[in-house]
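Engineer: Below you'll find data10.txt; it's compact mmCIF, N, CA and C atoms.
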# COMPACT_ATOMS: atom_id res chain seq x y z
N MET A 822 95.28 113.09 -90.80
CA MET A 822 94.44 113.98 -91.58
C MET A 822 93.21 114.40 -90.79
N SER A 823 92.48 115.32 -91.34
CA SER A 823 91.28 115.88 -90.71
C SER A 823 90.15 114.86 -90.64
N ILE A 824 89.14 115.21 -89.82
CA ILE A 824 87.91 114.43 -89.77
C ILE A 824 86.74 115.34 -90.13
N VAL A 825 85.68 114.73 -90.64
CA VAL A 825 84.47 115.45 -91.02
C VAL A 825 83.30 114.89 -90.23
N LYS A 826 82.48 115.78 -89.70
CA LYS A 826 81.25 115.42 -89.02
C LYS A 826 80.10 116.06 -89.80
N ILE A 827 79.15 115.24 -90.21
CA ILE A 827 77.99 115.73 -90.92
C ILE A 827 76.76 115.43 -90.08
N ASN A 828 76.11 116.50 -89.62
CA ASN A 828 74.88 116.35 -88.86
C ASN A 828 73.72 116.42 -89.85
N VAL A 829 72.96 115.35 -89.94
CA VAL A 829 71.82 115.26 -90.85
C VAL A 829 70.57 115.65 -90.07
N LEU A 830 69.99 116.79 -90.42
CA LEU A 830 68.82 117.32 -89.72
C LEU A 830 67.57 117.18 -90.58
N THR A 831 66.56 116.50 -90.07
CA THR A 831 65.28 116.41 -90.76
C THR A 831 64.49 117.66 -90.40
N VAL A 832 64.18 118.47 -91.41
CA VAL A 832 63.54 119.78 -91.16
C VAL A 832 62.28 119.90 -92.02
N PRO A 833 61.11 119.95 -91.38
CA PRO A 833 59.87 120.15 -92.14
C PRO A 833 59.90 121.48 -92.90
N GLU A 834 59.22 121.52 -94.01
CA GLU A 834 59.20 122.71 -94.88
C GLU A 834 58.93 123.99 -94.10
N GLU A 835 57.96 123.96 -93.18
CA GLU A 835 57.58 125.18 -92.45
C GLU A 835 58.63 125.61 -91.42
N GLN A 836 59.64 124.79 -91.18
CA GLN A 836 60.69 125.13 -90.21
C GLN A 836 62.01 125.54 -90.86
N ARG A 837 62.10 125.46 -92.20
CA ARG A 837 63.37 125.75 -92.89
C ARG A 837 63.91 127.14 -92.60
N GLU A 838 63.05 128.15 -92.74
CA GLU A 838 63.49 129.53 -92.51
C GLU A 838 63.98 129.72 -91.08
N ILE A 839 63.29 129.12 -90.14
CA ILE A 839 63.68 129.22 -88.73
C ILE A 839 65.07 128.61 -88.52
N LEU A 840 65.28 127.41 -89.07
CA LEU A 840 66.57 126.75 -88.93
C LEU A 840 67.69 127.62 -89.50
N GLU A 841 67.49 128.13 -90.70
CA GLU A 841 68.52 128.94 -91.36
C GLU A 841 68.81 130.22 -90.58
N LYS A 842 67.79 130.85 -90.04
CA LYS A 842 68.01 132.06 -89.23
C LYS A 842 68.79 131.73 -87.97
N ARG A 843 68.49 130.59 -87.34
CA ARG A 843 69.21 130.20 -86.13
C ARG A 843 70.69 129.95 -86.43
N PHE A 844 70.98 129.30 -87.54
CA PHE A 844 72.38 129.09 -87.91
C PHE A 844 73.07 130.42 -88.23
N ALA A 845 72.38 131.32 -88.91
CA ALA A 845 72.96 132.63 -89.24
C ALA A 845 73.29 133.41 -87.97
N SER A 846 72.47 133.28 -86.94
CA SER A 846 72.69 134.03 -85.70
C SER A 846 73.81 133.44 -84.84
N ARG A 847 74.27 132.25 -85.15
CA ARG A 847 75.31 131.59 -84.36
C ARG A 847 76.71 131.87 -84.92
N ALA A 848 76.82 132.75 -85.88
CA ALA A 848 78.10 133.04 -86.53
C ALA A 848 79.21 133.23 -85.50
N GLY A 849 80.30 132.51 -85.70
CA GLY A 849 81.47 132.63 -84.84
C GLY A 849 81.54 131.64 -83.70
N THR A 850 80.45 130.96 -83.37
CA THR A 850 80.48 130.08 -82.21
C THR A 850 81.34 128.84 -82.43
N VAL A 851 81.35 128.30 -83.62
CA VAL A 851 82.19 127.13 -83.89
C VAL A 851 83.53 127.55 -84.49
N GLU A 852 83.53 128.62 -85.27
CA GLU A 852 84.72 129.05 -85.99
C GLU A 852 85.89 129.39 -85.07
N SER A 853 85.60 129.81 -83.85
CA SER A 853 86.66 130.19 -82.92
C SER A 853 87.19 129.01 -82.11
N SER A 854 86.65 127.82 -82.32
CA SER A 854 87.07 126.64 -81.56
C SER A 854 88.41 126.10 -82.05
N ASP A 855 89.24 125.69 -81.11
CA ASP A 855 90.54 125.11 -81.45
C ASP A 855 90.33 123.85 -82.28
N GLY A 856 91.02 123.76 -83.40
CA GLY A 856 90.94 122.59 -84.25
C GLY A 856 89.85 122.66 -85.31
N PHE A 857 89.01 123.70 -85.29
CA PHE A 857 87.98 123.86 -86.30
C PHE A 857 88.61 124.23 -87.64
N GLU A 858 88.12 123.63 -88.73
CA GLU A 858 88.66 123.93 -90.06
C GLU A 858 87.62 124.44 -91.05
N TRP A 859 86.37 123.95 -91.00
CA TRP A 859 85.41 124.32 -92.05
C TRP A 859 83.99 124.08 -91.58
N PHE A 860 83.05 124.91 -92.06
CA PHE A 860 81.63 124.76 -91.78
C PHE A 860 80.82 125.07 -93.04
N GLU A 861 79.78 124.30 -93.28
CA GLU A 861 78.80 124.60 -94.32
C GLU A 861 77.44 124.09 -93.87
N LEU A 862 76.40 124.89 -94.09
CA LEU A 862 75.02 124.46 -93.90
C LEU A 862 74.47 124.23 -95.30
N LEU A 863 74.05 123.00 -95.59
CA LEU A 863 73.58 122.64 -96.92
C LEU A 863 72.07 122.44 -96.92
N ARG A 864 71.37 123.26 -97.75
CA ARG A 864 69.92 123.20 -97.87
C ARG A 864 69.55 122.21 -98.98
N PRO A 865 68.57 121.33 -98.72
CA PRO A 865 68.16 120.40 -99.78
C PRO A 865 67.48 121.14 -100.93
N ILE A 866 67.73 120.67 -102.14
CA ILE A 866 67.11 121.28 -103.32
C ILE A 866 65.84 120.53 -103.70
N GLU A 867 65.94 119.20 -103.72
CA GLU A 867 64.76 118.41 -104.07
C GLU A 867 64.89 116.98 -103.54
N GLY A 868 63.76 116.36 -103.31
CA GLY A 868 63.73 114.95 -102.96
C GLY A 868 63.99 114.59 -101.51
N THR A 869 64.23 115.58 -100.65
CA THR A 869 64.48 115.27 -99.25
C THR A 869 64.15 116.49 -98.39
N ASP A 870 63.92 116.25 -97.11
CA ASP A 870 63.71 117.33 -96.15
C ASP A 870 64.88 117.40 -95.17
N GLN A 871 66.03 116.85 -95.58
CA GLN A 871 67.20 116.80 -94.70
C GLN A 871 68.25 117.84 -95.08
N TYR A 872 68.59 118.67 -94.10
CA TYR A 872 69.71 119.60 -94.21
C TYR A 872 70.96 118.86 -93.76
N LEU A 873 72.11 119.24 -94.31
CA LEU A 873 73.39 118.69 -93.87
C LEU A 873 74.20 119.81 -93.26
N VAL A 874 74.69 119.58 -92.05
CA VAL A 874 75.58 120.53 -91.38
C VAL A 874 76.97 119.90 -91.43
N TYR A 875 77.83 120.46 -92.28
CA TYR A 875 79.15 119.91 -92.53
C TYR A 875 80.18 120.68 -91.70
N THR A 876 80.90 119.97 -90.84
CA THR A 876 82.02 120.59 -90.13
C THR A 876 83.25 119.72 -90.32
N ARG A 877 84.38 120.37 -90.39
CA ARG A 877 85.66 119.68 -90.56
C ARG A 877 86.58 120.11 -89.42
N TRP A 878 87.29 119.12 -88.85
CA TRP A 878 88.10 119.33 -87.66
C TRP A 878 89.51 118.77 -87.85
N ARG A 879 90.45 119.31 -87.14
CA ARG A 879 91.84 118.84 -87.17
C ARG A 879 91.92 117.36 -86.81
N ASP A 880 91.15 116.98 -85.77
CA ASP A 880 91.14 115.59 -85.31
C ASP A 880 89.92 115.37 -84.42
N GLU A 881 89.70 114.12 -84.05
CA GLU A 881 88.54 113.75 -83.21
C GLU A 881 88.59 114.46 -81.86
N ALA A 882 89.79 114.62 -81.30
CA ALA A 882 89.92 115.27 -79.99
C ALA A 882 89.42 116.71 -80.05
N ALA A 883 89.71 117.43 -81.12
CA ALA A 883 89.24 118.82 -81.25
C ALA A 883 87.72 118.86 -81.33
N PHE A 884 87.13 117.95 -82.09
CA PHE A 884 85.67 117.88 -82.19
C PHE A 884 85.04 117.58 -80.83
N GLN A 885 85.60 116.60 -80.12
CA GLN A 885 85.06 116.22 -78.82
C GLN A 885 85.18 117.36 -77.80
N ALA A 886 86.29 118.09 -77.86
CA ALA A 886 86.46 119.24 -76.96
C ALA A 886 85.38 120.29 -77.22
N TRP A 887 85.06 120.53 -78.49
CA TRP A 887 84.00 121.47 -78.83
C TRP A 887 82.63 120.95 -78.36
N MET A 888 82.39 119.66 -78.55
CA MET A 888 81.11 119.05 -78.13
C MET A 888 80.93 119.14 -76.62
N GLU A 889 81.99 118.96 -75.86
CA GLU A 889 81.90 118.97 -74.40
C GLU A 889 81.99 120.37 -73.81
N GLY A 890 82.41 121.35 -74.59
CA GLY A 890 82.54 122.72 -74.11
C GLY A 890 81.47 123.63 -74.71
N PRO A 891 81.84 124.40 -75.75
CA PRO A 891 80.93 125.39 -76.33
C PRO A 891 79.61 124.81 -76.84
N MET A 892 79.64 123.65 -77.49
CA MET A 892 78.40 123.08 -78.03
C MET A 892 77.45 122.67 -76.91
N LYS A 893 77.97 122.04 -75.89
CA LYS A 893 77.15 121.60 -74.76
C LYS A 893 76.54 122.81 -74.05
N ALA A 894 77.34 123.84 -73.83
CA ALA A 894 76.85 125.05 -73.16
C ALA A 894 75.76 125.72 -73.99
N ALA A 895 75.95 125.78 -75.31
CA ALA A 895 74.97 126.43 -76.18
C ALA A 895 73.63 125.70 -76.15
N HIS A 896 73.66 124.38 -76.16
CA HIS A 896 72.43 123.61 -76.17
C HIS A 896 71.78 123.51 -74.80
N GLN A 897 72.50 123.92 -73.75
CA GLN A 897 71.91 123.97 -72.41
C GLN A 897 71.48 125.38 -72.04
N GLY A 898 71.58 126.30 -73.00
CA GLY A 898 71.13 127.66 -72.77
C GLY A 898 72.23 128.61 -72.33
N GLY A 899 73.48 128.13 -72.23
CA GLY A 899 74.59 129.00 -71.87
C GLY A 899 75.37 129.40 -73.10
N GLY A 900 76.48 130.02 -72.91
CA GLY A 900 77.35 130.39 -74.04
C GLY A 900 76.68 131.40 -74.94
N GLN A 901 77.07 131.36 -76.23
CA GLN A 901 76.58 132.33 -77.20
C GLN A 901 75.29 131.89 -77.88
N GLY A 902 74.82 130.70 -77.55
CA GLY A 902 73.57 130.25 -78.14
C GLY A 902 73.81 129.27 -79.26
N GLY A 903 73.04 128.22 -79.25
CA GLY A 903 73.17 127.21 -80.29
C GLY A 903 72.18 127.46 -81.41
N ALA A 904 72.56 127.14 -82.61
CA ALA A 904 71.70 127.37 -83.76
C ALA A 904 70.40 126.59 -83.66
N GLU A 905 70.48 125.34 -83.32
CA GLU A 905 69.29 124.52 -83.30
C GLU A 905 68.44 124.79 -82.07
N SER A 906 69.06 125.21 -80.97
CA SER A 906 68.27 125.47 -79.76
C SER A 906 67.66 126.86 -79.76
N GLY A 907 68.04 127.69 -80.72
CA GLY A 907 67.46 129.02 -80.80
C GLY A 907 68.39 130.10 -80.29
N GLY A 908 69.33 129.74 -79.42
CA GLY A 908 70.32 130.68 -78.96
C GLY A 908 69.80 131.77 -78.05
N GLU A 909 68.63 131.62 -77.52
CA GLU A 909 68.05 132.64 -76.66
C GLU A 909 68.18 132.22 -75.20
N GLY A 910 68.26 133.19 -74.30
CA GLY A 910 68.24 132.89 -72.87
C GLY A 910 66.81 132.62 -72.44
N GLY A 911 66.62 132.16 -71.23
CA GLY A 911 65.26 131.91 -70.74
C GLY A 911 64.67 130.66 -71.35
N GLU A 912 63.38 130.72 -71.67
CA GLU A 912 62.70 129.55 -72.22
C GLU A 912 63.21 129.24 -73.62
N ARG A 913 63.52 127.98 -73.82
CA ARG A 913 64.09 127.57 -75.11
C ARG A 913 62.99 127.35 -76.13
N PRO A 914 63.18 127.87 -77.36
CA PRO A 914 62.19 127.64 -78.40
C PRO A 914 62.23 126.19 -78.87
N LYS A 915 61.17 125.77 -79.50
CA LYS A 915 61.06 124.42 -80.04
C LYS A 915 62.13 124.22 -81.12
N PRO A 916 62.80 123.06 -81.14
CA PRO A 916 63.78 122.79 -82.20
C PRO A 916 63.13 122.83 -83.58
N ALA A 917 63.87 123.33 -84.57
CA ALA A 917 63.36 123.39 -85.94
C ALA A 917 63.43 122.02 -86.61
N ALA A 918 64.38 121.19 -86.19
CA ALA A 918 64.54 119.86 -86.78
C ALA A 918 63.73 118.84 -85.99
N SER A 919 63.18 117.87 -86.72
CA SER A 919 62.42 116.81 -86.05
C SER A 919 63.26 115.56 -85.82
N GLY A 920 64.49 115.55 -86.34
CA GLY A 920 65.39 114.42 -86.15
C GLY A 920 66.81 114.80 -86.49
N SER A 921 67.77 114.05 -85.95
CA SER A 921 69.18 114.37 -86.17
C SER A 921 70.02 113.10 -86.10
N THR A 922 70.96 112.97 -87.05
CA THR A 922 71.91 111.87 -87.08
C THR A 922 73.28 112.46 -87.41
N VAL A 923 74.34 111.97 -86.77
CA VAL A 923 75.68 112.45 -87.07
C VAL A 923 76.47 111.37 -87.80
N TRP A 924 77.03 111.74 -88.96
CA TRP A 924 77.91 110.85 -89.72
C TRP A 924 79.33 111.32 -89.48
N SER A 925 80.28 110.38 -89.37
CA SER A 925 81.69 110.70 -89.14
C SER A 925 82.55 110.10 -90.24
N PHE A 926 83.52 110.88 -90.72
CA PHE A 926 84.40 110.45 -91.79
C PHE A 926 85.82 110.90 -91.53
N GLU A 927 86.79 110.16 -92.02
CA GLU A 927 88.18 110.60 -92.05
C GLU A 927 88.45 111.12 -93.46
N VAL A 928 89.21 112.19 -93.56
CA VAL A 928 89.61 112.70 -94.86
C VAL A 928 90.83 111.88 -95.30
N VAL A 929 90.70 111.17 -96.41
CA VAL A 929 91.82 110.36 -96.91
C VAL A 929 92.43 110.95 -98.18
N GLN A 930 91.68 111.81 -98.87
CA GLN A 930 92.20 112.54 -100.02
C GLN A 930 91.52 113.89 -100.06
N GLN A 931 92.21 114.88 -100.60
CA GLN A 931 91.61 116.20 -100.74
C GLN A 931 92.27 116.95 -101.88
N ALA A 932 91.58 117.94 -102.39
CA ALA A 932 92.12 118.83 -103.42
C ALA A 932 91.73 120.26 -103.04
N ALA A 933 92.65 121.16 -103.23
CA ALA A 933 92.38 122.56 -102.91
C ALA A 933 91.43 123.14 -103.95
N PRO A 934 90.62 124.12 -103.54
CA PRO A 934 89.74 124.78 -104.52
C PRO A 934 90.54 125.43 -105.64
N LYS A 935 89.98 125.46 -106.83
CA LYS A 935 90.62 126.08 -107.99
C LYS A 935 90.71 127.59 -107.78
N LYS A 936 91.86 128.15 -108.01
CA LYS A 936 92.06 129.61 -107.89
C LYS A 936 91.72 130.27 -109.21
N ASP A 937 91.01 131.41 -109.13
CA ASP A 937 90.65 132.15 -110.35
C ASP A 937 91.81 132.93 -110.90
Turn the structure described in the file into structure tokens.
Structural biologist:
Amino acid sequence: MSIVKINVLTVPEEQREILEKRFASRAGTVESSDGFEWFELLRPIEGTDQYLVYTRWRDEAAFQAWMEGPMKAAHQGGGQGGAESGGEGGERPKPAASGSTVWSFEVVQQAAPKKD
């Protein structure tokens, strides 16, 4: 079954808009990766300053290939640009998040979304 990676980003209130704009500008960078299945950026509503970046992959190997290829290039200033690094060439802007942790899960059960 698939695996899920959740990147927990601590984002101060004044950096939220910047983070969201950076993710919006990265459209397509992960979606075109082999083994990619799903992406969601989750904004906190109350009680926390942590955003969740949810990605789902065919398997661990597909995730690792993305981490060592497109993701690594984006965060080093190459490729199409990383959401958190700003995605710009030249001098890199300050990260919007002040901390990051990655959680890993195996999908053991799932249900398809309800069709209207």
Engineer: Write out as CSV the residues of segment 822-845 of chain A that have any atom within 9 Å of an atom of segment 870-880 of chain A, one row each with the nearest atom pair and its distance in Å to one decimal, counting only C-alpha atoms, sorted by chain and then rising number.
Structural biologist:
residue,atom,partner,partner_atom,distance
A:Met822,CA,A:Arg879,CA,7.1
A:Ser823,CA,A:Arg879,CA,4.6
A:Ile824,CA,A:Trp878,CA,5.3
A:Val825,CA,A:Arg877,CA,4.4
A:Lys826,CA,A:Thr876,CA,5.3
A:Ile827,CA,A:Tyr875,CA,4.6
A:Asn828,CA,A:Val874,CA,4.9
A:Val829,CA,A:Leu873,CA,4.8
A:Leu830,CA,A:Tyr872,CA,5.1
A:Thr831,CA,A:Gln871,CA,4.4
A:Val832,CA,A:Asp870,CA,5.6
A:Pro833,CA,A:Asp870,CA,6.2
A:Glu834,CA,A:Asp870,CA,7.1
A:Arg837,CA,A:Tyr872,CA,8.9
Engineer: Between atom C of Glu867 of chain A and atom CA of Val851 of chain A, what is the distance, to one decimal in Å?
Structural biologist: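 Taking atom C of Glu867 of chain A and atom CA of Val851 of chain A, their separation equals 28.1 Å.
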Engineer: Mind listing the strand (DSSP E or B) residues of chain A, per DSSP on the backbone, as a PyMOL selection string?
Structural biologist: chain A and resi 824-831+857-863+871-878+920-927
Engineer: Counting only C-alpha atoms, write as number ranges by chain all protein and nucleic acid residues lying at most 6 Å from (62.5, 128.7, -85.6) in the file's frame.
Structural biologist: A: 839-840, 917
Engineer: For the atom pair atom C of Phe926 of chain A and atom N of Ser853 of chain A, what is the interatomic distance in Å to one decimal place?
Structural biologist: 20.4 Å
Engineer: Grab the atom CA of Ala882 of chain A to atom CA of Val928 of chain A distance for me, in Å with one decimal place.
Structural biologist: 15.1 Å
Engineer: Give me every helix (DSSP H, G or I) residue in chain A, going by DSSP on the backbone, as a list in words.
Structural biologist: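 Output for chain A, helix (DSSP H, G or I) only: Glu834, Glu835, Gln836, Arg837, Glu838, Ile839, Leu840, Glu841, Lys842, Arg843, Phe844, Ala845, Ser846, Glu881, Ala882, Ala883, Phe884, Gln885, Ala886, Trp887, Met888, Glu889, Gly890, Pro891, Met892, Lys893, Ala894, Ala895 and His896 of chain A.
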Engineer: In terms of the shortest atom-to-atom distance over only C-alpha atoms, which of A:Glu881, A:Asp937, A:Glu835, A:Glu927 is closest to Phe857 of chain A?
Structural biologist: A:Glu881
